[in-house]
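Below: one structure, written as structure tokens.
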Amino acid sequence: MPTELFCGALASCFCLAIGHVARKRSLEVPDLSVTVRSERAGRELRYARLVVECAASLDDDTLAMLIERARPFCWVSNTLAAGVEVEYRRATTGNARSG
């Protein structure tokens, strides 16, 4: 489902961001997993909330530090947090007839 891919994109991007931050600090992040839980906005066809859950075989303070430092490096969560304009348009093709 596209909605699952949407959540998967956020989880994957944030996982990469944690890996990036950890490498900069010469840290290994064994058993890293990032999952996204979505909460629907009532009966609307959108999510009201996304919860990013991170787990790893690290002490809580180190994992918390990596999560906090990774936030600015995740393109997907940055886009969602800032809001994004979505424009819909019809594409033209080379075989479209004019006039």
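Ordered as shown in the structure tokens, chains take letters A, B, and onward, while each chain numbers its residues from 1 and ligands are numbered from 1 in the order shown.
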
task: Apply DSSP to the backbone of this structure and, from stretch 61-99 of chain A, keep only the residues in alpha helix (DSSP H); write these as a list in words.
output: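 Alpha helix (DSSP H) assignments inside stretch 61-99 of chain A correspond to Asp61, Thr62, Leu63, Ala64, Met65, Leu66, Ile67, Glu68, Arg69, Ala70, Trp75, Val76, Ser77, Asn78, Thr79, Leu80, Ala81 and Ala82 of chain A.
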
Create the file for the chosen residues now, containing all heavy atoms and written as a tab-separated table (two decimals), in the first residue's frame.
chain	number	residue	atom	x	y	z
A	61	ASP	N	20.95	6.53	27.05
A	61	ASP	CA	21.47	7.88	26.83
A	61	ASP	C	22.13	8.01	25.47
A	61	ASP	O	21.96	9.03	24.78
A	61	ASP	CB	22.46	8.26	27.93
A	61	ASP	CG	21.79	8.48	29.28
A	61	ASP	OD1	20.55	8.71	29.30
A	61	ASP	OD2	22.49	8.40	30.31
A	62	THR	N	22.90	7.01	25.06
A	62	THR	CA	23.57	7.07	23.76
A	62	THR	C	22.55	7.04	22.63
A	62	THR	O	22.65	7.82	21.68
A	62	THR	CB	24.58	5.90	23.61
A	62	THR	OG1	25.54	5.98	24.66
A	62	THR	CG2	25.29	5.95	22.27
A	63	LEU	N	21.56	6.16	22.73
A	63	LEU	CA	20.54	6.10	21.69
A	63	LEU	C	19.75	7.41	21.64
A	63	LEU	O	19.47	7.93	20.56
A	63	LEU	CB	19.61	4.91	21.90
A	63	LEU	CG	18.55	4.71	20.83
A	63	LEU	CD1	19.17	4.57	19.43
A	63	LEU	CD2	17.70	3.50	21.15
A	64	ALA	N	19.41	7.96	22.78
A	64	ALA	CA	18.68	9.24	22.81
A	64	ALA	C	19.49	10.35	22.15
A	64	ALA	O	18.95	11.17	21.40
A	64	ALA	CB	18.33	9.61	24.25
A	65	MET	N	20.79	10.39	22.40
A	65	MET	CA	21.66	11.38	21.79
A	65	MET	C	21.69	11.22	20.28
A	65	MET	O	21.59	12.19	19.52
A	65	MET	CB	23.07	11.27	22.37
A	65	MET	CG	24.10	12.22	21.76
A	65	MET	SD	24.96	11.61	20.27
A	65	MET	CE	25.83	10.19	20.88
A	66	LEU	N	21.81	9.97	19.80
A	66	LEU	CA	21.84	9.72	18.36
A	66	LEU	C	20.51	10.13	17.70
A	66	LEU	O	20.51	10.73	16.62
A	66	LEU	CB	22.14	8.25	18.08
A	66	LEU	CG	23.56	7.78	18.39
A	66	LEU	CD1	23.66	6.27	18.20
A	66	LEU	CD2	24.58	8.50	17.52
A	67	ILE	N	19.41	9.83	18.36
A	67	ILE	CA	18.10	10.21	17.81
A	67	ILE	C	18.01	11.72	17.69
A	67	ILE	O	17.61	12.26	16.64
A	67	ILE	CB	16.96	9.65	18.68
A	67	ILE	CG1	16.89	8.12	18.56
A	67	ILE	CG2	15.62	10.29	18.31
A	67	ILE	CD1	15.99	7.44	19.58
A	68	GLU	N	18.37	12.43	18.73
A	68	GLU	CA	18.29	13.89	18.71
A	68	GLU	C	19.21	14.49	17.65
A	68	GLU	O	18.81	15.38	16.91
A	68	GLU	CB	18.65	14.45	20.09
A	68	GLU	CG	18.41	15.93	20.22
A	68	GLU	CD	16.97	16.34	20.01
A	68	GLU	OE1	16.05	15.57	20.35
A	68	GLU	OE2	16.74	17.46	19.50
A	69	ARG	N	20.41	13.97	17.54
A	69	ARG	CA	21.37	14.51	16.57
A	69	ARG	C	21.02	14.10	15.13
A	69	ARG	O	21.43	14.77	14.18
A	69	ARG	CB	22.77	14.05	16.93
A	69	ARG	CG	23.22	14.58	18.29
A	69	ARG	CD	24.45	15.45	18.19
A	69	ARG	NE	24.69	16.23	19.38
A	69	ARG	CZ	25.44	15.87	20.41
A	69	ARG	NH1	26.01	14.68	20.42
A	69	ARG	NH2	25.62	16.69	21.42
A	70	ALA	N	20.29	13.01	14.97
A	70	ALA	CA	19.93	12.54	13.62
A	70	ALA	C	18.79	13.34	13.02
A	70	ALA	O	18.65	13.41	11.80
A	70	ALA	CB	19.57	11.06	13.67
A	75	TRP	N	15.83	13.83	5.60
A	75	TRP	CA	15.11	14.62	4.60
A	75	TRP	C	13.60	14.43	4.70
A	75	TRP	O	12.83	15.38	4.56
A	75	TRP	CB	15.57	14.22	3.20
A	75	TRP	CG	16.84	14.85	2.77
A	75	TRP	CD1	18.07	14.72	3.36
A	75	TRP	CD2	17.03	15.71	1.66
A	75	TRP	NE1	19.00	15.43	2.68
A	75	TRP	CE2	18.39	16.05	1.61
A	75	TRP	CE3	16.18	16.22	0.67
A	75	TRP	CZ2	18.92	16.88	0.65
A	75	TRP	CZ3	16.72	17.04	-0.30
A	75	TRP	CH2	18.06	17.37	-0.30
A	76	VAL	N	13.16	13.21	4.93
A	76	VAL	CA	11.72	12.93	4.94
A	76	VAL	C	11.06	13.61	6.13
A	76	VAL	O	10.06	14.32	5.98
A	76	VAL	CB	11.45	11.41	4.93
A	76	VAL	CG1	9.96	11.13	5.06
A	76	VAL	CG2	11.99	10.79	3.65
A	77	SER	N	11.61	13.45	7.33
A	77	SER	CA	10.98	14.09	8.48
A	77	SER	C	11.12	15.61	8.43
A	77	SER	O	10.21	16.33	8.86
A	77	SER	CB	11.52	13.54	9.80
A	77	SER	OG	12.91	13.72	9.91
A	78	ASN	N	12.21	16.12	7.87
A	78	ASN	CA	12.35	17.57	7.71
A	78	ASN	C	11.27	18.11	6.78
A	78	ASN	O	10.69	19.18	7.03
A	78	ASN	CB	13.72	17.94	7.15
A	78	ASN	CG	14.82	17.75	8.16
A	78	ASN	OD1	14.60	17.71	9.35
A	78	ASN	ND2	16.04	17.63	7.68
A	79	THR	N	10.99	17.41	5.70
A	79	THR	CA	9.96	17.83	4.76
A	79	THR	C	8.60	17.82	5.42
A	79	THR	O	7.81	18.76	5.29
A	79	THR	CB	9.96	16.92	3.52
A	79	THR	OG1	11.25	17.00	2.90
A	79	THR	CG2	8.89	17.33	2.53
A	80	LEU	N	8.30	16.77	6.16
A	80	LEU	CA	7.01	16.67	6.84
A	80	LEU	C	6.85	17.76	7.91
A	80	LEU	O	5.80	18.38	8.02
A	80	LEU	CB	6.84	15.29	7.48
A	80	LEU	CG	6.69	14.13	6.51
A	80	LEU	CD1	6.79	12.81	7.26
A	80	LEU	CD2	5.38	14.23	5.76
A	81	ALA	N	7.91	17.99	8.68
A	81	ALA	CA	7.84	18.96	9.77
A	81	ALA	C	7.67	20.38	9.25
A	81	ALA	O	6.97	21.19	9.87
A	81	ALA	CB	9.10	18.86	10.63
A	82	ALA	N	8.29	20.69	8.11
A	82	ALA	CA	8.21	22.04	7.56
A	82	ALA	C	6.94	22.26	6.75
A	82	ALA	O	6.55	23.39	6.48
A	82	ALA	CB	9.44	22.32	6.68

Worksheet entry | Shortest interatomic distance to A:Glu4 - which of A:Arg89, A:Lys24, A:Arg37, A:Arg49, counting only C-alpha atoms |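 With only C-alpha atoms as the atom set, the closest residue is A:Arg37.
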
note - atom CA of A:Cys15 and atom CA of A:Val36 are separated by 10.9 Å

- Expressed in Å to a single decimal, how great is the separation between atom CA of A:Leu16 and atom CA of A:Glu39?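 These two atoms are separated by 23.3 Å.
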
Point to revise | Shell around A:Ser12 at 9 Å using only C-alpha atoms, local window under 5 positions removed, as a ChimeraX atom specification | key: /A:7,17,34-35

Export of prior selection with N, CA and C atoms as a short mmCIF file (atom, residue, chain, number, x, y, z; two decimals), in the first residue's frame:
data_model
loop_
_atom_site.label_atom_id
_atom_site.label_comp_id
_atom_site.auth_asym_id
_atom_site.auth_seq_id
_atom_site.Cartn_x
_atom_site.Cartn_y
_atom_site.Cartn_z
N CYS A 7 5.26 5.48 5.24
CA CYS A 7 5.84 5.26 6.57
C CYS A 7 7.20 4.59 6.47
N ALA A 17 19.89 8.37 8.80
CA ALA A 17 20.36 9.54 9.52
C ALA A 17 21.05 9.13 10.82
N VAL A 34 14.26 0.92 13.14
CA VAL A 34 13.43 2.12 13.19
C VAL A 34 12.08 1.74 12.60
N THR A 35 11.04 1.99 13.35
CA THR A 35 9.69 1.72 12.86
C THR A 35 8.86 2.99 13.00
#

Here atom CA of A:Arg23 and atom CA of A:Pro72 stand apart by 15.4 Å

From A:Gly19, A:Thr3, A:Ala48, A:Arg71, residue lying nearest A:Asp31 [only C-alpha atoms]: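 Selected residue with least distance to A:Asp31: A:Gly19.
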
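Of the listed residues (A:Ala11, A:Val29, A:Leu5, A:Leu45), A:Val29 comes nearest to A:Ser57; the distances count only C-alpha atoms.
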